[in-house]
Each structure stands twice: as structure tokens, then as C-alpha cells.
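Trainee: Dropping in coords33.txt, which is compact mmCIF, C-alpha atoms:
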# COMPACT_ATOMS: atom_id res chain seq x y z
CA ASP A 1 131.63 16.59 116.75
CA LEU A 2 128.62 17.37 114.58
CA LEU A 3 126.98 14.02 115.36
CA ALA A 4 127.77 14.27 119.06
CA SER A 5 126.56 17.84 119.49
CA GLY A 6 123.05 17.20 118.20
CA HIS A 7 120.67 19.30 116.11
CA MET A 8 121.77 22.71 117.43
CA GLY A 9 124.95 21.92 119.34
CA LEU A 10 127.82 24.38 119.27
CA ALA A 11 129.72 22.75 116.39
CA ARG A 12 126.69 22.72 114.10
CA ARG A 13 125.52 26.18 115.15
CA ALA A 14 128.97 27.64 114.49
CA LEU A 15 129.08 26.26 110.93
CA LEU A 16 125.59 27.56 110.15
CA ALA A 17 126.42 30.92 111.75
CA ARG A 18 129.57 31.17 109.62
CA ALA A 19 127.51 30.75 106.44
CA ARG A 20 125.11 33.46 107.56
CA VAL A 21 127.90 35.86 108.55
CA MET A 22 129.67 35.42 105.19
CA ARG A 23 126.44 36.02 103.30
CA ALA A 24 125.52 39.06 105.42
CA MET A 25 128.91 40.67 104.83
CA ARG A 26 128.89 40.00 101.10
CA GLU A 27 125.35 41.35 100.67
CA HIS A 28 126.08 44.44 102.77
CA LEU A 29 129.20 45.25 100.74
CA HIS A 30 127.58 44.39 97.40
CA ASP A 31 124.76 46.83 98.17
CA ARG A 32 127.42 49.52 98.64
CA SER A 33 129.19 48.81 95.33
CA TYR A 34 132.21 46.94 96.68
CA THR A 35 133.88 44.39 94.40
CA GLU A 36 134.97 41.05 95.84
CA VAL A 37 138.41 39.97 94.59
CA GLU A 38 140.97 37.21 95.12
CA THR A 39 144.66 37.87 95.68
CA PRO A 40 147.64 35.47 95.90
CA VAL A 41 148.09 33.17 98.89
CA LEU A 42 151.76 32.56 98.05
CA HIS A 43 153.86 35.70 98.53
CA LYS A 44 157.45 36.55 97.68
CA GLN A 45 157.78 38.07 101.15
CA ALA A 46 155.55 38.55 104.16
CA GLY A 47 153.83 41.94 104.30
CA GLY A 48 150.83 43.82 105.62
CA ALA A 49 151.41 42.81 109.24
CA ASP A 50 154.19 42.19 111.75
CA ALA A 51 153.95 38.42 112.22
CA ARG A 52 156.03 35.28 111.73
CA PRO A 53 155.12 33.70 108.35
CA PHE A 54 155.01 30.09 107.22
CA MET A 55 157.83 29.47 104.76
CA THR A 56 157.71 27.20 101.72
CA HIS A 57 159.76 26.56 98.58
CA HIS A 58 158.83 26.59 94.89
CA ASN A 59 160.87 23.75 93.38
CA ALA A 60 160.54 24.73 89.71
CA LEU A 61 161.61 28.32 90.39
CA ASP A 62 164.00 27.32 93.17
CA LYS A 63 162.61 30.24 95.16
CA GLY A 64 161.54 30.68 98.77
CA LEU A 65 157.95 31.85 99.30
CA THR A 66 155.67 32.55 102.27
CA LEU A 67 152.00 31.94 102.94
CA ARG A 68 150.30 35.30 103.26
CA ILE A 69 149.97 36.86 106.70
CA ALA A 70 147.53 39.49 105.34
CA THR A 71 145.82 40.44 102.08
CA GLU A 72 146.42 44.16 102.59
CA LEU A 73 149.19 45.14 100.20
CA HIS A 74 147.74 43.41 97.14
CA LEU A 75 144.31 44.93 97.78
CA LYS A 76 145.80 48.42 98.04
CA ARG A 77 147.62 47.88 94.76
CA LEU A 78 144.20 47.21 93.21
CA VAL A 79 143.01 50.57 94.55
CA VAL A 80 146.03 52.18 92.86
CA GLY A 81 144.93 50.37 89.69
CA GLY A 82 141.52 52.04 89.76
CA LEU A 83 139.25 49.67 91.75
CA GLU A 84 137.90 52.17 94.28
CA ARG A 85 135.99 49.74 96.53
CA VAL A 86 137.39 46.23 96.99
CA TYR A 87 137.31 43.48 99.59
CA GLU A 88 138.48 39.92 100.09
CA ILE A 89 137.32 37.19 102.45
CA GLY A 90 139.96 34.50 102.73
CA LYS A 91 142.46 32.49 104.72
CA VAL A 92 145.63 34.00 106.15
CA PHE A 93 148.41 32.16 107.97
CA ARG A 94 150.66 33.09 110.89
CA ASN A 95 153.29 30.75 112.29
CA GLU A 96 152.74 31.78 115.89
CA GLY A 97 151.18 30.43 119.08
CA ILE A 98 147.94 28.48 119.39
CA SER A 99 145.43 29.52 122.04
CA THR A 100 141.70 29.96 122.55
CA ARG A 101 142.02 33.18 120.50
CA HIS A 102 144.66 32.18 117.93
CA ASN A 103 144.82 29.56 115.20
CA PRO A 104 147.68 29.39 112.66
CA GLU A 105 145.13 29.40 109.81
CA PHE A 106 142.22 31.81 110.13
CA THR A 107 139.67 33.70 108.07
CA SER A 108 139.74 37.47 107.69
CA ILE A 109 137.89 40.07 105.69
CA GLU A 110 139.78 43.13 104.46
CA VAL A 111 137.97 46.10 102.89
CA TYR A 112 139.47 49.12 101.10
CA GLN A 113 137.72 52.26 99.89
CA ALA A 114 139.11 55.22 97.98
CA TYR A 115 138.13 58.74 99.10
CA ALA A 116 137.38 57.56 102.64
CA ASP A 117 139.08 57.76 106.05
CA TYR A 118 139.17 55.80 109.29
CA HIS A 119 135.94 57.37 110.51
CA ASP A 120 134.18 55.88 107.48
CA MET A 121 135.72 52.50 108.33
CA MET A 122 134.41 52.76 111.90
CA SER A 123 130.88 53.16 110.57
CA LEU A 124 131.30 50.30 108.09
CA THR A 125 132.79 47.97 110.71
CA GLU A 126 129.94 48.68 113.11
CA GLU A 127 127.38 48.01 110.35
CA LEU A 128 128.99 44.71 109.31
CA ILE A 129 129.09 43.40 112.87
CA GLN A 130 125.53 44.46 113.66
CA GLU A 131 124.13 42.96 110.46
CA SER A 132 126.08 39.73 111.01
CA ALA A 133 124.74 39.51 114.56
CA ARG A 134 121.16 40.03 113.37
CA GLN A 135 121.50 37.23 110.84
CA VAL A 136 122.82 34.81 113.47
CA LEU A 137 120.03 35.72 115.90
CA ARG A 138 117.47 35.00 113.17
CA MET A 139 118.60 31.36 113.22
CA ASP A 140 116.39 30.98 116.31
CA ASP A 141 113.23 31.86 114.35
CA ILE A 142 112.29 34.80 116.58
CA SER A 143 110.51 38.06 115.77
CA GLU A 144 112.38 41.15 114.60
CA GLU A 145 111.47 42.83 117.88
CA GLU A 146 113.14 39.99 119.80
CA VAL A 147 116.16 40.15 117.49
CA ASP A 148 116.53 43.83 118.30
CA GLN A 149 116.19 43.19 122.03
CA LYS A 150 118.77 40.39 122.02
CA LEU A 151 121.17 42.48 119.97
CA GLY A 152 121.21 44.97 122.84
CA SER A 153 121.93 42.28 125.43
CA MET A 154 123.90 39.44 123.85
CA GLU A 155 125.66 37.04 126.20
CA TYR A 156 129.25 35.98 125.72
CA GLN A 157 130.86 33.77 128.36
CA GLY A 158 128.83 35.34 131.15
CA GLN A 159 129.22 38.94 129.91
CA ARG A 160 126.29 40.99 128.60
CA LEU A 161 127.16 42.91 125.43
CA ASN A 162 125.33 45.72 123.68
CA LEU A 163 125.91 45.32 119.95
CA ARG A 164 122.82 47.35 119.01
CA ASP A 165 123.83 50.88 119.98
CA ARG A 166 126.72 53.00 118.73
CA PHE A 167 130.05 51.55 119.83
CA ARG A 168 132.18 53.51 122.29
CA ARG A 169 135.12 55.59 120.96
CA VAL A 170 138.23 56.37 123.04
CA SER A 171 141.80 57.24 122.09
CA MET A 172 144.59 54.88 123.16
CA THR A 173 146.31 57.64 125.13
CA GLU A 174 143.08 58.48 127.00
CA SER A 175 142.48 54.82 127.86
CA VAL A 176 146.04 54.30 129.14
CA LEU A 177 146.06 57.57 131.10
CA GLU A 178 142.73 56.71 132.74
CA LYS A 179 143.92 53.24 133.76
CA THR A 180 147.55 53.92 134.72
CA GLY A 181 147.80 57.66 135.33
CA VAL A 182 150.72 57.82 132.86
CA ASP A 183 151.10 59.22 129.34
CA PRO A 184 154.32 57.69 127.92
CA PHE A 185 154.74 60.62 125.54
CA GLU A 186 155.09 62.88 128.57
CA VAL A 187 157.61 60.81 130.55
CA TRP A 188 159.66 58.89 127.95
CA SER A 189 163.17 60.03 127.04
CA ASP A 190 165.88 58.71 124.72
CA SER A 191 168.34 58.21 127.55
CA HIS A 192 166.04 56.76 130.24
CA GLY A 193 163.02 55.58 128.23
CA GLY A 194 162.17 52.29 129.94
CA GLU A 195 163.27 53.27 133.43
CA SER A 196 161.39 56.57 133.32
CA VAL A 197 158.12 54.95 132.21
CA VAL A 198 158.32 52.17 134.81
CA GLN A 199 159.12 54.69 137.55
CA ALA A 200 156.22 56.92 136.46
CA LEU A 201 153.86 53.94 136.68
CA ARG A 202 155.04 53.10 140.18
CA ASP A 203 154.81 56.74 141.27
CA ALA A 204 151.23 57.00 139.97
CA GLY A 205 150.33 53.86 141.93
CA LYS A 206 147.23 52.97 139.90
CA VAL A 207 148.51 49.62 138.59
CA LYS A 208 150.86 46.97 139.96
CA VAL A 209 154.06 46.75 137.89
CA THR A 210 155.51 43.23 138.12
CA ASP A 211 159.10 42.39 137.22
CA SER A 212 157.94 40.76 133.98
CA ASP A 213 155.87 43.86 133.17
CA ALA A 214 158.94 46.02 133.70
CA VAL A 215 161.01 43.85 131.33
CA GLU A 216 158.34 44.07 128.62
CA ILE A 217 157.93 47.83 129.03
CA GLN A 218 161.67 48.44 128.91
CA ALA A 219 162.00 46.32 125.76
CA ALA A 220 159.22 48.35 124.11
CA CYS A 221 160.76 51.62 125.26
CA ALA A 222 164.00 50.73 123.50
CA SER A 223 162.26 51.90 120.33
CA SER A 224 160.03 54.89 121.14
CA ALA A 225 157.38 56.43 123.38
CA GLY A 226 154.81 55.14 120.90
CA HIS A 227 155.97 51.58 121.49
CA ALA A 228 155.76 52.22 125.23
CA LEU A 229 152.15 53.40 124.86
CA GLY A 230 151.26 50.24 122.96
CA SER A 231 152.90 48.10 125.63
CA LEU A 232 151.02 49.80 128.49
CA PHE A 233 147.75 49.39 126.61
CA GLU A 234 148.31 45.65 126.12
CA LEU A 235 149.37 45.12 129.73
CA TYR A 236 146.80 47.19 131.60
CA VAL A 237 143.87 48.24 129.41
CA GLU A 238 143.06 45.71 126.70
CA GLU A 239 141.53 42.91 128.76
CA ASP A 240 139.13 45.32 130.53
CA LEU A 241 137.47 46.51 127.30
CA ILE A 242 134.33 44.37 127.51
CA GLN A 243 131.73 46.43 125.63
CA PRO A 244 132.46 47.10 121.92
CA THR A 245 135.08 49.86 121.92
CA PHE A 246 136.91 51.58 119.07
CA VAL A 247 140.36 52.45 120.43
CA THR A 248 141.51 55.29 118.17
CA ASP A 249 144.61 57.30 117.34
CA LEU A 250 147.26 54.63 117.84
CA PRO A 251 150.96 55.57 117.93
CA LEU A 252 152.48 56.37 114.57
CA ALA A 253 155.46 54.17 115.49
CA LEU A 254 153.15 51.13 115.60
CA SER A 255 151.36 51.98 112.36
CA PRO A 256 153.80 51.76 109.42
CA LEU A 257 151.05 51.69 106.79
CA ALA A 258 148.78 54.36 108.27
CA LYS A 259 148.39 58.05 107.55
CA PRO A 260 149.71 60.48 110.21
CA HIS A 261 147.01 62.01 112.39
CA ARG A 262 145.61 65.26 111.02
CA ILE A 263 146.03 67.10 114.37
CA HIS A 264 149.02 65.33 115.99
CA PRO A 265 150.99 63.93 113.03
CA GLU A 266 154.22 63.54 114.99
CA LYS A 267 152.67 61.18 117.58
CA TYR A 268 149.64 59.37 116.25
CA ALA A 269 148.17 57.69 113.20
CA GLU A 270 144.59 57.84 111.91
CA ARG A 271 144.00 54.28 113.04
CA PHE A 272 141.65 52.32 115.26
CA GLU A 273 141.33 48.84 116.71
CA LEU A 274 137.99 47.41 117.82
CA PHE A 275 137.93 45.47 121.09
CA VAL A 276 135.13 43.32 122.48
CA CYS A 277 135.43 41.19 125.63
CA GLY A 278 139.09 42.09 125.95
CA ARG A 279 140.14 40.89 122.51
CA GLU A 280 140.87 42.65 119.25
CA LEU A 281 138.23 42.10 116.58
CA ALA A 282 139.18 44.60 113.86
CA ASN A 283 141.94 46.97 112.81
CA ALA A 284 141.64 49.90 110.38
CA PHE A 285 143.21 53.15 109.30
CA SER A 286 143.40 55.96 106.82
CA GLU A 287 146.06 54.76 104.40
CA LEU A 288 149.49 56.26 103.92
CA THR A 289 149.74 57.25 100.24
CA ASP A 290 153.14 58.99 100.11
CA PRO A 291 155.77 56.55 98.69
CA VAL A 292 158.71 58.42 100.24
CA ASP A 293 157.13 58.43 103.70
CA GLN A 294 156.11 54.79 103.24
CA ARG A 295 159.68 53.71 102.51
CA GLN A 296 160.91 55.58 105.60
CA ARG A 297 158.22 53.92 107.72
CA PHE A 298 159.19 50.48 106.46
CA GLU A 299 162.82 51.25 107.31
CA SER A 300 161.80 52.42 110.80
CA GLN A 301 159.72 49.27 111.28
CA VAL A 302 162.72 47.10 110.41
CA ALA A 303 164.95 49.12 112.79
CA SER A 304 162.40 48.93 115.63
CA HIS A 305 162.03 45.18 115.17
CA MET A 306 165.80 44.75 115.40
CA ALA A 307 166.04 47.09 118.41
CA LYS A 308 163.43 45.13 120.35
CA ARG A 309 165.16 41.85 119.50
CA SER A 310 168.46 43.28 120.75
CA ALA A 311 166.88 44.54 123.97
CA LEU A 312 165.26 41.16 124.68
CA LYS A 313 168.54 39.40 123.91
CA GLU A 314 170.40 41.58 126.42
CA MET A 315 167.76 40.75 129.03
CA ASP A 316 167.99 37.03 128.13
CA SER A 317 164.20 37.06 127.76
CA GLU A 318 162.17 34.01 126.68
CA ASP A 319 160.12 36.39 124.49
CA LEU A 320 163.05 36.66 122.06
CA GLU A 321 161.86 33.54 120.22
CA ASP A 322 158.61 35.32 119.29
CA LEU A 323 160.60 37.87 117.25
CA ASP A 324 162.90 35.38 115.53
CA TYR A 325 161.95 36.38 111.98
CA GLU A 326 162.98 39.04 109.50
CA ILE A 327 160.99 42.06 108.25
CA GLU A 328 161.68 43.27 104.72
CA ILE A 329 160.65 46.31 102.70
CA ASP A 330 158.02 45.49 100.07
CA GLU A 331 159.55 47.22 97.06
CA GLU A 332 156.65 46.32 94.74
CA PHE A 333 154.16 48.04 97.04
CA VAL A 334 156.31 51.17 97.33
CA SER A 335 156.62 51.20 93.54
CA ALA A 336 152.83 50.96 93.20
CA LEU A 337 152.39 53.99 95.46
CA GLU A 338 154.64 55.99 93.13
CA TYR A 339 151.91 55.75 90.48
CA GLY A 340 149.58 57.56 92.89
CA MET A 341 147.03 56.20 95.35
CA PRO A 342 143.96 58.32 96.11
CA PRO A 343 143.02 59.06 99.73
CA THR A 344 142.00 55.61 100.95
CA ALA A 345 140.93 53.80 104.10
CA GLY A 346 141.07 50.09 104.88
CA MET A 347 139.82 47.67 107.50
CA GLY A 348 140.58 44.08 108.49
CA LEU A 349 138.31 41.96 110.70
CA GLY A 350 138.82 38.47 112.15
CA VAL A 351 135.83 36.44 111.01
CA ASP A 352 136.49 33.50 113.34
CA ARG A 353 136.62 35.74 116.42
CA LEU A 354 133.38 37.41 115.37
CA ILE A 355 131.67 34.03 115.05
CA MET A 356 133.01 33.04 118.48
CA LEU A 357 131.31 36.11 119.87
CA LEU A 358 128.00 35.50 118.11
CA VAL A 359 127.61 31.82 119.10
CA ASP A 360 129.11 32.18 122.61
CA ALA A 361 132.06 29.87 121.85
CA PRO A 362 134.91 29.87 124.41
CA SER A 363 137.59 28.85 121.91
CA ILE A 364 138.40 29.64 118.29
CA ARG A 365 138.64 25.87 117.73
CA ASP A 366 134.89 25.63 118.40
CA VAL A 367 134.05 27.70 115.31
CA ILE A 368 136.47 26.10 112.83
CA GLY A 369 135.27 23.03 110.93
CA PHE A 370 138.52 21.10 111.14
CA PRO A 371 140.88 22.77 113.63
CA LEU A 372 144.55 21.77 113.68
CA LEU A 373 144.28 20.88 117.37
CA LYS A 374 141.10 19.88 119.20
Write the structure described by the file as C-alpha cells, please.

Mentor:
Amino acid sequence: DLLASGHMGLARRALLARARVMRAMREHLHDRSYTEVETPVLHKQAGGADARPFMTHHNALDKGLTLRIATELHLKRLVVGGLERVYEIGKVFRNEGISTRHNPEFTSIEVYQAYADYHDMMSLTEELIQESARQVLRMDDISEEEVDQKLGSMEYQGQRLNLRDRFRRVSMTESVLEKTGVDPFEVWSDSHGGESVVQALRDAGKVKVTDSDAVEIQAACASSAGHALGSLFELYVEEDLIQPTFVTDLPLALSPLAKPHRIHPEKYAERFELFVCGRELANAFSELTDPVDQRQRFESQVASHMAKRSALKEMDSEDLEDLDYEIEIDEEFVSALEYGMPPTAGMGLGVDRLIMLLVDAPSIRDVIGFPLLK
């Protein structure tokens, strides 16, 4: 591919851009006193995300292990141990579908800072993306004035993006209400959760609710109004978020590791996801530091996972296969929290997706040196 694409073809440009992005991130974090660390790739159990792991077996120990699906829990244990600003850039692995946005093996950066919250992580995320974009634009040997101009009007697959100015902020509830006319927290009930939400959507008449949409919404509603909100966001809002947008205050039910919201602790978490061109680029939150609450959240996450599987099974849905894995409580992480974790915030960003954006690549395979599938 490198030989065929020429001096500045996409394959070559993506590899050079990756080197610049990595360096830009490391320098930016080093200048702010963050320590780069390495954590295990082989885990006793999957944790830090809700995803199907790759399983393996250690012959000498005769023990099942997983490839990590996130670096989060080990990094937070380092914060408990006294490292107040840490980050890791590395590979994570998820045994899920392959698409233009997903690869089973991908690169992420996760950053954790003591005595910070999710607002601090928004600022840091914005800075990292803007500095990375500047470094990639400088590959074209243009003036700083031109770099600044292009940063405000970058092209990705026919869309013009403004990465120069402050990114938009909007709560998930506001975005869903604006698009659908429905707030699931207002219409959901234990007895008629899915039916009531679907009926409210049809009554509002702002979006078309297909039969498959209704099945997905009802499966989500089997757990909580928070799950319903997340489902409506994915179905009707996400793909329309073209300009960089921080979607804030996600449902507490979808955020088992996040701190409850300071104003609405019963509904929301202090969490955001960053979307650009209809795809998630980063995820961050103020960390939950209470070990008792954390154990309860893990237990609720396990119960919700099982409830959704049961609902999909009753509906004989093809989506059941996507949830055919177990979620376990990470006892070592809960134990670490018992020693005391200071107020902390963390952020994870998909490096491959960022590089796709910066070199105008249509597929994640275009920015990986040796993709599993071409």
C-alpha cells in the first residue's frame, strides 16, 4: 500500500500523521506534569468498559485470562497509590464487529488526574485534539496563519469541521428532547417502560419509529429510563452531531464508574462523550471514589446486562449474540478504592478515529499499518 500510494498517499500520510499525533499528545501532557505509564495487557477479568473480550489461557498457571478492553481500572489504582497525573497510550482489544469505525485491536489514550472533574477533562480533550490537528496540518509545510485558517475549516468526507474554536456543549437529555420531543425520564414507568416511551415518540411525531427501533427501545427500557435515554440518543441524535460536540450529563445507569451529578445525582453522572461527524471520539467523567457505591453500581451493571439479554431473548432478537458475554465485579479495584481515592477525573480517546479525522480517511483500516482485514 505504501509503494502504491506514492509519496503522500493516504497510507503514508496516515503513518506520518500517527507519529505526529503521538508526539503532540506526549509533549502536551509532559508539559503539564503527567507521567506516562504501562499497565498489563493480560487481565484476570475484563473491566473498565462493557464489551466482549478476547479470551486466552495461561498454560503454566492453568488460568483463563482476557486481553484488556480498557486501561482504566489499573490507571485509577495508580492514582490511589499516589500518582496524581498519569496516562497511557496503548493497544486495547474488543472481540466485536469490524466496520469502517471499528477494529478488534485499536489504540487509545487514557488520562487520569487527581483533584479534577469532567469540566477539566473537557478542556484537556479539546487541547489535545487541537494540538494534534495543528501538528498534522504542519506536514504540508504551510505558514502558521494558514494552519490556523485550515483548523477552522477542516474537511472530512465532504463535511467542513471547525476544530479551532471552543467545542459545543449540550446535555444528552437536551439533545434527545430537541430531536424527538421526548424526555424518557418524564414518560418511563416500571410497568410500561418500553411501551410508554415508544408511544410518546409516536405521539410527538418528530421522528419515525420503525419496528426495529421499537424492539431496541423496549429492550433498553427493560432496565431503566436512563437506558432508554441512551437508546434514543444512539438511534436519533448521534449521527447528526457533525461539528465537535461534548454531550454531557449522561444517565447514571449507563455510567457505572462515574460520579453522580452534583445537581441531579439520582438521574445523571458527571460524564461526557465527544462526537465529531456522528461518531464518538472520546469519553470522560468525574470518577466515582466511594467503594460502597462502586460495588452497588457494578452489581446494577451486571443486573442490567442480564435484564437486556433476557428481554432480547424473549423477543428472539438477532442482537442477543452481541451480549453473549459475562460481566463480573472487579474486586481488586473495589478493594483499592477502600484505601481512598482523591477526587479524580479521567478521559479516554480513540487515537485511530482521531487520525481518520485528521487525514480524511473513510475507514479505520486506512490509518492502521497492518489491519486485520483490508

Trainee: Return the single residue from A:Glu36, A:Glu72, A:Asp141, A:Glu178 that is closest to Asn283 in chain A, with distances computed using all atoms listed in the file.

Mentor: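 Among the listed residues, the smallest separation from Asn283 in chain A belongs to A:Glu72.
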
Trainee: Listed atoms of range 14-27 of chain A, axis-aligned box, 3 Å per side: centre and edge lengths to one decimal in Å, as AutoDock Vina command-line options?

Mentor:
--center_x 127.4 --center_y 33.8 --center_z 107.6 --size_x 10.6 --size_y 21.1 --size_z 19.8

Trainee: Dump as CSV the rows for residues of range 247-350 of chain A within 9 Å of range 232-238 of chain A: closest atom pair and distance in Å with one decimal, only C-alpha atoms counted, ordered by chain and rising residue number.

Mentor:
residue,atom,partner,partner_atom,distance
A:Phe275,CA,A:Glu238,CA,7.6
A:Cys277,CA,A:Glu238,CA,8.9
A:Gly278,CA,A:Glu238,CA,5.4
A:Arg279,CA,A:Glu238,CA,7.0
A:Glu280,CA,A:Glu238,CA,8.3

Trainee: Keeping only C-alpha atoms, take the residues you just selected and write them out as a PDB file, in the frame of the given file.

Mentor:
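Done, and the output landed in part04.pdb:
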ATOM      1  CA  PHE A 275     137.930  45.470 121.090  1.00  0.00           C
ATOM      2  CA  CYS A 277     135.430  41.190 125.630  1.00  0.00           C
ATOM      3  CA  GLY A 278     139.090  42.090 125.950  1.00  0.00           C
ATOM      4  CA  ARG A 279     140.140  40.890 122.510  1.00  0.00           C
ATOM      5  CA  GLU A 280     140.870  42.650 119.250  1.00  0.00           C
TER       6      GLU A 280
END

Trainee: Neighbours of range 301-304 of chain A within 10 Å (all atoms listed in the file; same-chain residues fewer than 5 positions away dropped), as a ChimeraX atom specification?

Mentor: /A:50,220,222-224,227,253-256,295-296,309-310,326-329

Trainee: Counting only C-alpha atoms, figure out which residue out of A:Leu42, A:Ala228, A:Leu78, A:Met172 gets nearest to Arg271 in chain A.

Mentor: A:Met172

Trainee: Measure the distance from CA of Ala336 in chain A to CA of Leu288 in chain A in Å and round it to one decimal.

Mentor: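 Going from CA of Ala336 in chain A over to CA of Leu288 in chain A covers 12.4 Å.
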
Trainee: CA of Pro244 in chain A to CA of Arg164 in chain A: how many Å, to one decimal?

Mentor: 10.1 Å

Trainee: What is the CA of Val367 in chain A to CA of Ala49 in chain A distance in Å?

Mentor: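 Pair CA of Val367 in chain A / CA of Ala49 in chain A returns 23.8 Å.
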
Trainee: Which residue, A:Gly48, A:Gly346, A:Gly9, A:Gly90, has the smallest gap to Asp360 in chain A when you use all atoms listed in the file?

Mentor: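 Once distances to Asp360 in chain A are computed over all atoms listed in the file, the minimum belongs to A:Gly9.
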
Trainee: Quick one: everything within 12 Å of Glu88 in chain A, counting only C-alpha atoms, minus sequence neighbours fewer than 6 positions away in the same chain. Send it as a short mmCIF file (atom, residue, chain, number, x, y, z; two decimals) with C-alpha atoms, in the frame of the given file.

Mentor:
data_model
loop_
_atom_site.label_atom_id
_atom_site.label_comp_id
_atom_site.auth_asym_id
_atom_site.auth_seq_id
_atom_site.Cartn_x
_atom_site.Cartn_y
_atom_site.Cartn_z
CA MET A 22 129.67 35.42 105.19
CA MET A 25 128.91 40.67 104.83
CA ARG A 26 128.89 40.00 101.10
CA LEU A 29 129.20 45.25 100.74
CA TYR A 34 132.21 46.94 96.68
CA THR A 35 133.88 44.39 94.40
CA GLU A 36 134.97 41.05 95.84
CA VAL A 37 138.41 39.97 94.59
CA GLU A 38 140.97 37.21 95.12
CA THR A 39 144.66 37.87 95.68
CA PRO A 40 147.64 35.47 95.90
CA VAL A 41 148.09 33.17 98.89
CA ALA A 70 147.53 39.49 105.34
CA THR A 71 145.82 40.44 102.08
CA GLU A 72 146.42 44.16 102.59
CA LEU A 73 149.19 45.14 100.20
CA HIS A 74 147.74 43.41 97.14
CA LEU A 75 144.31 44.93 97.78
CA LYS A 76 145.80 48.42 98.04
CA LEU A 78 144.20 47.21 93.21
CA THR A 107 139.67 33.70 108.07
CA SER A 108 139.74 37.47 107.69
CA ILE A 109 137.89 40.07 105.69
CA GLU A 110 139.78 43.13 104.46
CA VAL A 111 137.97 46.10 102.89
CA TYR A 112 139.47 49.12 101.10
CA GLY A 346 141.07 50.09 104.88
CA MET A 347 139.82 47.67 107.50
CA GLY A 348 140.58 44.08 108.49
CA LEU A 349 138.31 41.96 110.70
CA VAL A 351 135.83 36.44 111.01
#

Trainee: Which of these, A:Ser212, A:Gln243, A:Ser132, A:Thr289, has the shortest distance to Leu161 in chain A once you count only C-alpha atoms?

Mentor: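 Of A:Ser212, A:Gln243, A:Ser132, A:Thr289, the one nearest Leu161 in chain A, counting only C-alpha atoms, is A:Gln243.
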
Trainee: Residues at most 7 Å from range 196-199 of chain A, counting all atoms listed in the file, excluding those fewer than 4 positions away in the same chain, as a compact mmCIF listing (two decimals) with C-alpha atoms, in the coordinates of the input?

Mentor:
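around_21.txt, freshly written:
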# COMPACT_ATOMS: atom_id res chain seq x y z
CA PRO A 184 154.32 57.69 127.92
CA VAL A 187 157.61 60.81 130.55
CA TRP A 188 159.66 58.89 127.95
CA HIS A 192 166.04 56.76 130.24
CA ASP A 203 154.81 56.74 141.27
CA ALA A 214 158.94 46.02 133.70

Trainee: I'd like to know which of A:Val176, A:Leu357, A:Leu274, A:Leu281 is closest to Ser231 in chain A, using only C-alpha atoms.

Mentor: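 Of the candidates, the smallest distance to Ser231 in chain A is held by A:Val176.
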
Trainee: Using only C-alpha atoms, which residue out of A:Ser189, A:Gln294, A:Ser33, A:Asn103 lies closest to Ser335 in chain A?

Mentor: A:Gln294

Trainee: Show which residues sit within 6 Å of range 260-268 of chain A, as number ranges by chain. Count all atoms listed in the file, and ignore same-chain residues fewer than 3 positions away.

Mentor: A: 249-252

Trainee: List as a list of chain:residue names the protein and nucleic acid residues near Leu358 in chain A, meaning an atom at most 10 Å away when all atoms listed in the file are counted, but skip any in the same chain fewer than 2 places from it.

Mentor: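 After dropping sequence-adjacent residues, the list is A:Ala14, A:Ala17, A:Arg18, A:Val21, A:Ile129, A:Ser132, A:Ala133, A:Arg134, A:Gln135, A:Val136, A:Leu137, A:Leu151, A:Met154, A:Glu155, A:Tyr156, A:Asp352, A:Arg353, A:Leu354, A:Ile355, A:Met356, A:Asp360, A:Ala361.
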
Trainee: Do you know which residues lie at most 10 Å from (137.2, 57.5, 105.5), with coordinates as in the file and all atoms listed in the file counted, and could you write them as a list in words?

Mentor: Tyr112, Gln113, Ala114, Tyr115, Ala116, Asp117, Tyr118, His119, Asp120, Met121, Met122, Ser123, Leu124, Glu270, Phe285, Ser286, Glu287, Pro343, Thr344, Ala345 and Gly346 of chain A
